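**Q** Next comes work09.csv, CSV, C-alpha atoms:
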```csv
chain,number,residue,atom,x,y,z
A,1,MET,CA,79.2,-2.2,8.1
A,2,ARG,CA,80.8,-3.1,4.7
A,3,ARG,CA,79.5,-1.0,1.8
A,4,LYS,CA,78.5,-2.5,-1.5
A,5,ALA,CA,81.1,-3.1,-4.2
A,6,GLY,CA,81.1,-0.4,-6.9
A,7,VAL,CA,79.6,2.3,-4.7
A,8,ILE,CA,81.5,5.6,-4.9
A,9,LEU,CA,81.5,7.7,-1.8
A,10,PRO,CA,81.4,11.5,-2.0
A,11,LEU,CA,85.1,11.9,-1.0
A,12,GLU,CA,86.1,9.3,-3.7
A,13,ALA,CA,84.0,11.2,-6.3
A,14,SER,CA,85.8,14.4,-5.3
A,15,ILE,CA,89.2,12.7,-5.5
A,16,LEU,CA,88.3,11.4,-9.0
A,17,GLY,CA,87.1,14.9,-10.0
A,18,THR,CA,90.3,16.5,-8.7
A,19,ALA,CA,92.4,13.9,-10.5
A,20,VAL,CA,90.6,14.6,-13.8
A,21,GLU,CA,91.0,18.4,-13.3
A,22,LEU,CA,94.7,18.0,-12.6
A,23,SER,CA,95.1,15.8,-15.7
A,24,ARG,CA,93.4,18.5,-17.8
A,25,GLY,CA,96.0,20.9,-16.5
A,26,GLY,CA,98.8,18.6,-17.6
A,27,VAL,CA,99.4,17.1,-14.1
A,28,GLU,CA,99.0,13.4,-14.5
A,29,GLU,CA,100.5,12.3,-11.2
A,30,PHE,CA,99.7,13.7,-7.7
A,31,HIS,CA,100.6,12.9,-4.1
A,32,GLY,CA,98.5,12.8,-1.0
A,33,PHE,CA,99.2,16.2,0.4
A,34,GLU,CA,98.8,17.9,-2.9
A,35,LEU,CA,95.5,16.2,-3.3
A,36,ALA,CA,94.3,17.3,0.2
A,37,LYS,CA,95.2,20.9,-0.7
A,38,ARG,CA,93.3,20.8,-4.0
A,39,LEU,CA,90.3,19.2,-2.4
A,40,ARG,CA,90.2,21.9,0.3
A,41,ASP,CA,90.6,24.7,-2.2
A,42,ASP,CA,88.1,23.3,-4.7
A,43,GLU,CA,85.4,22.7,-2.1
A,44,GLY,CA,86.0,25.9,-0.1
A,45,ARG,CA,86.7,24.0,3.1
A,46,ARG,CA,88.7,25.3,6.0
A,47,ASN,CA,90.6,22.2,6.9
A,48,LEU,CA,92.6,19.7,4.9
A,49,THR,CA,91.2,16.1,4.7
A,50,ALA,CA,92.4,14.1,7.8
A,51,HIS,CA,95.3,11.7,7.3
A,52,GLY,CA,93.3,8.6,8.1
A,53,THR,CA,90.3,9.6,5.9
A,54,LEU,CA,92.5,10.5,2.9
A,55,TYR,CA,94.8,7.5,2.8
A,56,LYS,CA,92.1,5.1,3.6
A,57,ALA,CA,90.2,6.4,0.6
A,58,LEU,CA,93.3,6.3,-1.6
A,59,THR,CA,94.1,2.7,-0.6
A,60,ARG,CA,90.5,1.6,-1.2
A,61,MET,CA,90.3,3.4,-4.6
A,62,GLU,CA,93.6,1.8,-5.7
A,63,LYS,CA,92.3,-1.6,-4.7
A,64,ALA,CA,89.1,-0.9,-6.7
A,65,GLY,CA,91.3,-0.1,-9.8
A,66,LEU,CA,90.2,3.6,-9.9
A,67,LEU,CA,93.7,4.9,-9.2
A,68,SER,CA,97.2,3.5,-9.6
A,69,SER,CA,100.3,4.5,-7.7
A,70,VAL,CA,104.1,4.2,-7.7
A,71,TRP,CA,106.9,5.5,-5.5
A,72,GLU,CA,108.6,8.6,-6.8
A,73,ASP,CA,112.2,8.3,-8.1
A,74,ALA,CA,114.5,8.3,-5.0
A,75,ASP,CA,117.1,10.6,-6.7
A,76,GLN,CA,114.5,13.3,-7.4
A,77,ALA,CA,113.4,13.3,-3.7
A,78,THR,CA,116.9,13.3,-2.4
A,79,GLY,CA,117.8,16.1,-4.8
A,80,GLU,CA,115.0,18.2,-3.5
A,81,GLY,CA,115.8,17.3,0.1
A,82,ARG,CA,112.5,15.7,1.1
A,83,PRO,CA,111.0,12.2,1.7
A,84,ARG,CA,109.7,10.3,-1.3
A,85,ARG,CA,106.2,10.8,-2.5
A,86,ARG,CA,103.7,8.1,-3.4
A,87,LEU,CA,102.4,9.3,-6.8
A,88,TYR,CA,98.8,8.5,-7.8
A,89,THR,CA,97.3,8.5,-11.3
A,90,ILE,CA,93.7,8.1,-12.3
A,91,THR,CA,93.0,5.0,-14.4
A,92,MET,CA,90.5,4.5,-17.2
A,93,SER,CA,88.2,2.8,-14.7
A,94,GLY,CA,88.5,5.8,-12.5
A,95,ARG,CA,87.5,8.1,-15.3
A,96,ALA,CA,84.6,5.9,-16.3
A,97,ALA,CA,83.4,5.7,-12.6
A,98,LEU,CA,83.5,9.5,-12.4
A,99,VAL,CA,81.4,9.8,-15.6
A,100,HIS,CA,78.9,7.3,-14.1
A,101,VAL,CA,78.7,9.2,-10.8
A,102,GLU,CA,78.1,12.5,-12.7
A,103,ARG,CA,75.4,11.0,-14.8
A,104,GLU,CA,73.7,9.6,-11.7
A,105,ALA,CA,73.9,12.9,-10.0
A,106,GLU,CA,72.4,14.6,-13.0
A,107,ALA,CA,69.6,12.1,-13.2
A,108,LEU,CA,68.8,12.6,-9.5
A,109,GLY,CA,68.8,16.3,-10.0
A,110,ARG,CA,66.3,16.0,-12.9
A,111,PHE,CA,63.8,13.9,-11.0
A,112,ASP,CA,64.2,15.4,-7.5
A,113,PRO,CA,63.4,19.1,-7.5
A,114,GLY,CA,64.8,19.4,-4.1
A,115,LEU,CA,68.3,18.4,-5.4
A,116,SER,CA,68.2,20.5,-8.5
A,117,PRO,CA,70.6,23.4,-8.2
A,118,SER,CA,68.7,25.6,-10.7
B,1,MET,CA,111.5,22.2,11.9
B,2,ASN,CA,110.9,23.9,15.2
B,3,GLY,CA,110.1,22.2,18.5
B,4,ALA,CA,106.4,22.0,18.1
B,5,GLU,CA,106.6,20.7,14.5
B,6,THR,CA,109.0,18.0,15.6
B,7,GLN,CA,106.7,17.1,18.4
B,8,TRP,CA,103.6,16.7,16.1
B,9,ALA,CA,105.6,14.8,13.5
B,10,ASN,CA,106.8,12.4,16.1
B,11,MET,CA,103.3,12.0,17.5
B,12,VAL,CA,102.0,11.1,14.0
B,13,ARG,CA,104.9,8.6,13.6
B,14,ARG,CA,104.1,7.0,17.0
B,15,TRP,CA,100.5,6.7,16.1
B,16,VAL,CA,101.2,5.2,12.7
B,17,ALA,CA,103.5,2.7,14.4
B,18,LEU,CA,100.8,1.8,16.9
B,19,TYR,CA,97.9,1.3,14.5
B,20,THR,CA,99.9,-0.5,11.9
B,21,ARG,CA,101.4,-2.9,14.5
B,22,GLY,CA,100.8,-6.6,13.5
B,23,LEU,CA,100.0,-5.7,9.8
B,24,SER,CA,102.1,-7.0,7.0
B,25,VAL,CA,105.5,-5.3,6.5
B,26,ASP,CA,104.4,-3.9,3.1
B,27,VAL,CA,101.2,-2.4,4.3
B,28,ARG,CA,103.0,-0.9,7.4
B,29,ASP,CA,105.9,0.5,5.4
B,30,ARG,CA,103.8,2.0,2.8
B,31,ARG,CA,101.5,3.8,5.3
B,32,PHE,CA,104.5,5.0,7.3
B,33,LEU,CA,106.4,6.4,4.4
B,34,GLU,CA,103.3,8.0,2.9
B,35,LEU,CA,102.4,9.7,6.1
B,36,GLU,CA,106.1,10.7,6.6
B,37,SER,CA,106.0,12.4,3.2
B,38,ASP,CA,102.6,14.0,3.8
B,39,VAL,CA,103.6,15.5,7.2
B,40,TRP,CA,106.9,16.8,5.8
B,41,GLU,CA,105.1,18.5,2.8
B,42,HIS,CA,102.5,20.0,5.2
B,43,LEU,CA,105.1,21.4,7.6
B,44,HIS,CA,107.2,22.9,4.7
B,45,ASP,CA,104.2,24.3,2.8
B,46,ALA,CA,104.6,28.1,2.5
B,47,ASP,CA,100.8,28.5,2.3
B,48,GLU,CA,100.2,27.0,5.7
B,49,PRO,CA,100.7,29.7,8.4
B,50,ASN,CA,100.1,27.4,11.3
B,51,ALA,CA,101.1,24.0,9.9
B,52,SER,CA,101.9,22.2,13.1
B,53,ARG,CA,98.5,22.9,14.5
B,54,ALA,CA,96.9,21.8,11.2
B,55,VAL,CA,98.9,18.6,11.2
B,56,TYR,CA,97.7,17.9,14.7
B,57,GLY,CA,94.1,18.5,13.6
B,58,ARG,CA,94.4,16.2,10.6
B,59,PHE,CA,96.0,13.5,12.8
B,60,LEU,CA,93.2,13.7,15.4
B,61,ARG,CA,90.3,13.8,13.0
B,62,GLY,CA,91.7,10.8,11.1
B,63,ILE,CA,91.9,8.5,14.1
B,64,PRO,CA,88.5,6.9,13.6
B,65,ALA,CA,89.3,6.2,9.9
B,66,ASP,CA,92.7,4.8,10.9
B,67,VAL,CA,91.1,2.4,13.4
B,68,TRP,CA,88.5,1.4,10.8
B,69,TRP,CA,91.1,0.9,8.2
B,70,ARG,CA,93.2,-1.3,10.5
B,71,TYR,CA,90.2,-3.4,11.4
B,72,HIS,CA,89.4,-4.0,7.7
B,73,THR,CA,93.0,-4.6,6.8
B,74,LEU,CA,93.4,-7.2,9.5
B,75,LEU,CA,90.2,-8.9,8.4
B,76,GLU,CA,91.4,-9.0,4.8
B,77,SER,CA,94.9,-10.3,5.8
B,78,ARG,CA,93.3,-12.9,8.0
B,79,GLY,CA,91.2,-14.0,5.0
B,80,ALA,CA,94.3,-14.1,2.8
B,81,ARG,CA,96.3,-16.0,5.4
B,82,GLN,CA,93.5,-18.6,5.7
B,83,ARG,CA,93.4,-19.0,1.9
B,84,SER,CA,97.2,-19.2,1.9
B,85,GLN,CA,97.3,-21.8,4.7
B,86,LYS,CA,94.6,-23.8,2.9
B,87,MET,CA,96.9,-23.9,-0.1
B,88,THR,CA,100.1,-24.6,1.8
B,89,THR,CA,98.6,-27.2,4.1
B,90,SER,CA,97.4,-29.2,1.1
B,91,LEU,CA,98.6,-32.8,1.3
B,92,ARG,CA,101.0,-32.4,-1.7
B,93,ASP,CA,102.8,-29.4,-0.2
B,94,SER,CA,102.9,-30.1,3.5
B,95,TRP,CA,103.0,-33.9,3.9
B,96,TRP,CA,105.9,-33.5,6.2
B,97,VAL,CA,103.9,-31.4,8.7
B,98,ILE,CA,101.3,-34.1,9.0
B,99,LEU,CA,103.9,-36.9,9.2
B,100,THR,CA,105.9,-35.1,11.8
B,101,ALA,CA,102.7,-34.6,13.9
B,102,ILE,CA,101.8,-38.2,13.6
B,103,LEU,CA,105.3,-39.7,14.0
B,104,GLY,CA,106.8,-37.2,16.3
B,105,VAL,CA,104.5,-35.6,18.8
B,106,VAL,CA,101.8,-38.2,19.5
B,107,PRO,CA,103.9,-41.5,20.0
B,108,LEU,CA,106.8,-39.6,21.5
B,109,GLY,CA,104.4,-38.1,24.1
B,110,ILE,CA,102.9,-41.5,24.8
B,111,SER,CA,106.3,-43.2,25.1
B,112,LEU,CA,107.5,-40.6,27.5
B,113,ALA,CA,104.4,-40.9,29.6
B,114,MET,CA,104.8,-44.7,29.6
B,115,MET,CA,108.4,-44.4,30.7
B,116,THR,CA,107.3,-42.4,33.7
B,117,THR,CA,104.5,-44.7,34.7
B,118,VAL,CA,105.7,-48.2,33.6
B,119,SER,CA,109.0,-49.5,34.7
B,120,GLY,CA,111.6,-48.6,32.1
B,121,GLY,CA,108.9,-48.0,29.4
B,122,GLY,CA,109.6,-51.4,27.6
B,123,ALA,CA,109.2,-51.3,23.9
B,124,PHE,CA,108.0,-47.7,24.1
B,125,ARG,CA,111.6,-46.6,24.4
B,126,TRP,CA,112.3,-47.7,20.9
B,127,VAL,CA,109.1,-46.0,19.7
B,128,GLY,CA,110.4,-42.8,21.2
B,129,VAL,CA,113.9,-43.1,19.6
B,130,ALA,CA,112.4,-44.0,16.2
B,131,THR,CA,109.8,-41.3,16.2
B,132,ALA,CA,112.2,-38.6,17.5
B,133,THR,CA,114.7,-39.4,14.7
B,134,LEU,CA,112.0,-39.5,12.0
B,135,SER,CA,110.3,-36.3,13.1
B,136,GLY,CA,113.6,-34.5,13.5
B,137,ALA,CA,114.6,-35.4,10.0
B,138,LEU,CA,111.2,-34.4,8.6
B,139,LEU,CA,111.3,-31.1,10.5
B,140,ILE,CA,114.7,-30.2,9.1
B,141,ALA,CA,113.6,-31.3,5.6
B,142,GLY,CA,110.5,-29.2,5.9
B,143,LEU,CA,112.2,-26.2,7.4
B,144,VAL,CA,114.8,-25.8,4.7
B,145,ARG,CA,112.0,-25.4,2.2
B,146,ARG,CA,110.4,-22.5,3.9
B,147,GLN,CA,111.0,-19.1,5.4
B,148,SER,CA,110.5,-18.3,8.9
B,149,ASP,CA,108.7,-16.1,11.4
B,150,LEU,CA,111.7,-15.7,13.7
B,151,ILE,CA,110.2,-14.1,16.8
B,152,SER,CA,107.1,-16.2,17.4
B,153,GLY,CA,108.9,-19.4,16.5
B,154,SER,CA,111.8,-18.5,18.7
B,155,GLN,CA,109.6,-17.6,21.7
B,156,MET,CA,107.8,-20.9,21.4
B,157,ILE,CA,111.1,-22.8,21.3
B,158,VAL,CA,112.3,-21.0,24.5
B,159,VAL,CA,109.0,-21.7,26.3
B,160,GLY,CA,109.0,-25.4,25.1
B,161,ALA,CA,112.6,-25.9,26.2
B,162,VAL,CA,112.0,-24.3,29.6
B,163,LEU,CA,108.9,-26.4,30.1
B,164,THR,CA,110.7,-29.7,29.3
B,165,LEU,CA,113.5,-28.7,31.8
B,166,ALA,CA,111.0,-27.9,34.5
B,167,GLY,CA,110.2,-31.5,35.1
B,168,VAL,CA,109.0,-34.8,33.8
B,169,GLU,CA,105.3,-33.8,34.2
B,170,PHE,CA,105.7,-30.9,31.9
B,171,MET,CA,107.9,-32.7,29.4
B,172,PRO,CA,105.2,-33.9,26.9
B,173,VAL,CA,103.7,-30.4,26.8
B,174,GLY,CA,107.1,-28.8,26.5
B,175,ILE,CA,108.0,-31.0,23.6
B,176,ILE,CA,104.8,-30.2,21.8
B,177,VAL,CA,105.4,-26.5,22.3
B,178,LEU,CA,109.0,-26.8,21.2
B,179,VAL,CA,108.1,-28.7,18.1
B,180,SER,CA,105.3,-26.3,17.4
B,181,GLY,CA,107.8,-23.5,17.7
B,182,PHE,CA,109.9,-25.2,14.9
B,183,TRP,CA,106.7,-25.2,12.8
B,184,THR,CA,105.7,-21.7,13.6
B,185,GLY,CA,109.1,-20.7,12.3
B,186,ASN,CA,108.1,-21.6,8.8
B,187,LEU,CA,104.5,-20.7,8.5
B,188,GLN,CA,105.0,-17.1,7.3
B,189,LEU,CA,106.1,-16.1,3.9
B,190,SER,CA,107.5,-12.7,3.2
B,191,ALA,CA,106.4,-10.7,0.2
B,192,THR,CA,108.6,-8.5,-2.0
B,193,SER,CA,108.1,-4.8,-1.2
B,194,ASP,CA,107.4,-2.4,-4.0
B,195,ALA,CA,109.3,0.3,-2.0
B,196,PRO,CA,112.8,0.1,-3.4
B,197,ASP,CA,114.3,2.0,-0.4
B,198,LEU,CA,113.4,-1.0,1.9
B,199,GLN,CA,115.4,-3.5,-0.1
B,200,PRO,CA,118.6,-3.3,2.0
B,201,VAL,CA,116.5,-4.3,5.1
B,202,ARG,CA,115.1,-7.3,3.2
B,203,GLN,CA,118.6,-8.4,2.4
B,204,HIS,CA,119.4,-8.3,6.2
B,205,GLN,CA,116.3,-10.3,6.9
B,206,VAL,CA,117.2,-13.0,4.4
B,207,ASP,CA,120.7,-13.2,5.9
B,208,MET,CA,119.4,-13.4,9.4
B,209,THR,CA,116.9,-16.1,8.5
B,210,ARG,CA,119.7,-18.2,7.1
B,211,PHE,CA,121.7,-17.7,10.2
B,212,TRP,CA,118.9,-18.7,12.4
B,213,PHE,CA,118.3,-21.9,10.3
B,214,VAL,CA,121.9,-23.0,11.1
B,215,TRP,CA,121.2,-22.5,14.8
B,216,LEU,CA,117.9,-24.3,14.5
B,217,ALA,CA,119.4,-27.3,12.6
B,218,GLY,CA,122.1,-27.6,15.3
B,219,ALA,CA,119.7,-27.5,18.1
B,220,ALA,CA,117.3,-30.0,16.5
B,221,LEU,CA,120.2,-32.4,15.9
B,222,LEU,CA,121.4,-32.0,19.5
B,223,PHE,CA,117.8,-32.4,20.7
B,224,GLY,CA,117.6,-35.7,18.8
B,225,ILE,CA,121.0,-37.0,19.9
B,226,GLY,CA,120.4,-36.0,23.5
B,227,TRP,CA,117.6,-38.6,23.8
B,228,ILE,CA,119.5,-41.6,22.6
B,229,PRO,CA,121.8,-42.4,25.6
B,230,LEU,CA,118.9,-41.9,27.9
B,231,ILE,CA,116.5,-44.2,26.1
B,232,VAL,CA,118.9,-46.9,24.8
B,233,GLU,CA,119.3,-49.7,27.5
B,234,GLY,CA,122.8,-49.7,29.0
B,235,GLY,CA,123.7,-46.2,27.8
B,236,ASP,CA,126.1,-44.1,29.8
B,237,LEU,CA,123.8,-42.0,31.9
B,238,THR,CA,126.3,-39.4,32.9
B,239,TRP,CA,127.1,-38.7,29.2
B,240,GLY,CA,123.4,-39.0,28.4
B,241,TYR,CA,122.4,-36.4,30.9
B,242,PHE,CA,125.2,-34.1,29.7
B,243,ILE,CA,124.0,-34.2,26.1
B,244,TRP,CA,120.4,-34.1,27.3
B,245,VAL,CA,121.0,-30.8,29.2
B,246,LEU,CA,123.1,-29.6,26.3
B,247,SER,CA,120.2,-30.2,23.9
B,248,TRP,CA,117.8,-28.1,25.9
B,249,LEU,CA,120.4,-25.4,26.3
B,250,GLY,CA,120.8,-25.5,22.5
B,251,ALA,CA,117.1,-25.1,22.1
B,252,ILE,CA,117.0,-22.1,24.5
B,253,VAL,CA,120.0,-20.5,22.8
B,254,THR,CA,118.4,-21.0,19.4
B,255,GLY,CA,115.2,-19.4,20.6
B,256,ALA,CA,117.1,-16.6,22.2
B,257,VAL,CA,119.2,-16.0,19.0
B,258,GLY,CA,116.0,-15.9,17.0
B,259,ILE,CA,114.4,-13.3,19.4
B,260,ILE,CA,117.6,-11.2,19.3
B,261,LEU,CA,117.7,-11.4,15.4
B,262,GLY,CA,114.0,-10.6,15.2
B,263,GLY,CA,114.5,-7.5,17.5
B,264,LEU,CA,117.6,-6.5,15.5
B,265,ARG,CA,115.6,-6.8,12.3
B,266,LEU,CA,112.9,-4.5,13.6
B,267,THR,CA,115.5,-2.0,14.8
B,268,LEU,CA,117.2,-2.1,11.4
B,269,ARG,CA,114.0,-1.4,9.6
B,270,HIS,CA,113.3,1.5,11.9
B,271,HIS,CA,116.8,2.8,11.4
B,272,THR,CA,116.5,2.5,7.6
B,273,ARG,CA,113.2,4.5,7.7
B,274,ARG,CA,114.9,7.2,9.7
B,275,THR,CA,118.0,7.3,7.5
B,276,ASP,CA,115.8,7.4,4.4
B,277,VAL,CA,114.7,10.9,5.4
B,278,PRO,CA,117.3,13.4,4.1
B,279,ALA,CA,119.5,14.9,6.7
B,280,SER,CA,118.0,18.3,6.2
B,281,GLN,CA,114.7,17.0,7.6
B,282,ALA,CA,116.0,14.8,10.4
B,283,THR,CA,114.2,15.6,13.6
```
In C-alpha cells, what does this structure look like?
**A**
Amino acid sequence: MRRKAGVILPLEASILGTAVELSRGGVEEFHGFELAKRLRDDEGRRNLTAHGTLYKALTRMEKAGLLSSVWEDADQATGEGRPRRRLYTITMSGRAALVHVEREAEALGRFDPGLSPS
Amino acid sequence: MNGAETQWANMVRRWVALYTRGLSVDVRDRRFLELESDVWEHLHDADEPNASRAVYGRFLRGIPADVWWRYHTLLESRGARQRSQKMTTSLRDSWWVILTAILGVVPLGISLAMMTTVSGGGAFRWVGVATATLSGALLIAGLVRRQSDLISGSQMIVVGAVLTLAGVEFMPVGIIVLVSGFWTGNLQLSATSDAPDLQPVRQHQVDMTRFWFVWLAGAALLFGIGWIPLIVEGGDLTWGYFIWVLSWLGAIVTGAVGIILGGLRLTLRHHTRRTDVPASQAT
C-alpha cells in the first residue's frame, strides 16, 4: 500500500532528529553507517538499522526534499583508504517537517493521557 | 578483512546486484556504491566486536525493504518511461518511426507474401523495393539522432535475421523482428550519473555505441542492397543470392557485435566498481 504524501514515518522522524542533533554538534554532513550507529545509540537499540530499511528511508526522504546528498570528494576517500561515502544533509524542509512532527506528538500527548509520558 | 568478513561482503554485493537488476544505471550504481561504503565502514568499525555477524543480520533484516524498494522503483521508472515515450513518440519528434512502420513493414510484408503466392509478385516487387529503400533510409536517419539499448536491440536483430534465413514462411515475421530490433536500439536514453567515479565507464559506453552504429548502418545498407537483384526482373540471381545471404550474415554479425559490446560494457562497469575500492580493501 502506498502511504499518503507528507506523512513522516517514525524512522524518518528519528533520522531527522539525529540529523538536527548532529548539526547542533557542528556535524552538518553524515553518511549511512554513521547515521545507523547514532540511531542505535540514541534509541538504546541492540542492532543497527537494516541496510534495506535505512537506504530505502534515505532515498525516500531525499526525494521528498527532507534531505540532500552528494558523493564525498574522491581524493579524501582515497587518502583514507576507504570507499567513497554518500554524505547527507538535512534541508530546511526537513527541519520544518521535524518541528511539525514534534508539535503533533506534543498535541497528541496533551489530549491522550495514555500517550503522555508524565 | 578475514575470510568470514569477505564472505559476508560478497554476499551483500551479490544481493545488491540481484535486486537492482533491470533498474536504471544511476539507481543501481548509487545503491551499490552506498552499500559498498556502509559494509566497509561497518567491518572496519572498532566499536563493533562481531562486525561480520552484524553485517549479515542487517543484510537479512533488510531484504523485505529491499524488495519493496525495488518494486516501487520499478513502478516509478515505468511511469517515467511511459511519460518519456509519450513525449518522444509525439508526431513532431518521431515521424520517422511512424513512416518507417507504414512504408517499410506493412507493404514489404504484403509484397513478400504476394511473391510467394502469386507468380512473380507482379507490381508488388516494386512496392517491395521502394518501401525497403525508403524505410532503410528513414531508419538510418532516425538512428543517428538517438542513443541505443545495445543488448535488446542486438538480440532482436539476431533473432530477426535467423528467422528470415529459416525459410520464406518466416520471412515477414523475421523482417518485422529485425526492423523492430533496429528501433529498440534507439528507444533508451542514458542519463548522466552524478557519481564522478563512473564517468570513465560512460565514456566507454559512448564509444561503443558509436562503433555499433557503424556496424548497424553497414548491415542496414547491405540488407537493402541484398533485395534489389532478387526483386528486379532479369537480375543476376547468383550474385543476388550472394548479396542476400551476405546481408543476413551482416545483420547477424551486427547483432552479435552489439551483444558482445553490451556484455563488455557490463563487465567494464563491474571492473570499475571493483577498482574504485582502494587496494587496501580489495577482497
**Q** Name the closest residue to chain B among the candidates A:Ser69, A:Thr78, A:Ser23, A:Ser93; distances are taken between atoms, counting all atoms listed in the file.
**A** A:Thr78
**Q** Please, what distance in Å, to one decimal, runs between CA of Phe30 (chain A) and CA of Leu98 (chain A)?
**A**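 Pair CA of Phe30 (chain A) / CA of Leu98 (chain A) returns 17.4 Å.
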**Q** Record the distance separating CA of Glu102 (chain A) and CA of Lys37 (chain A), expressed in Å with one decimal.
**A**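 Going from CA of Glu102 (chain A) over to CA of Lys37 (chain A), I get 22.5 Å.
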**Q** Report the distance between CA of Trp71 (chain A) and CA of Ala96 (chain A) in Å, rounded to one decimal place.
**A**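 Atom-to-atom, CA of Trp71 (chain A) and CA of Ala96 (chain A) are spaced 24.8 Å apart.
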**Q** Please identify every residue of chain A that has at least one atom no more than 6 Å from any atom of chain B, counting all atoms listed in the file, and report them as a ChimeraX atom specification.
**A** /A:33,50-53,81,83,85
**Q** Using only C-alpha atoms, which of the listed residues (B:Ile157, B:Asp29, B:Leu75, B:Ala4) sits closest to Val257 (chain B)?
**A**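 Using only C-alpha atoms, Val257 (chain B) sits closest to B:Ile157.
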**Q** Could you give me, as a ChimeraX atom specification, the residues within 9 Å of Gly17 (chain A), counting all atoms listed in the file and dropping anything in the same chain fewer than 4 positions from it?
**A** /A:12-13,21-22,95,98
**Q** Could you list, as a PyMOL selection string, every residue within 9 Å of Ser52 (chain B), counting only C-alpha atoms and ignoring same-chain residues fewer than 6 positions away?
**A** chain B and resi 4-9+42-43
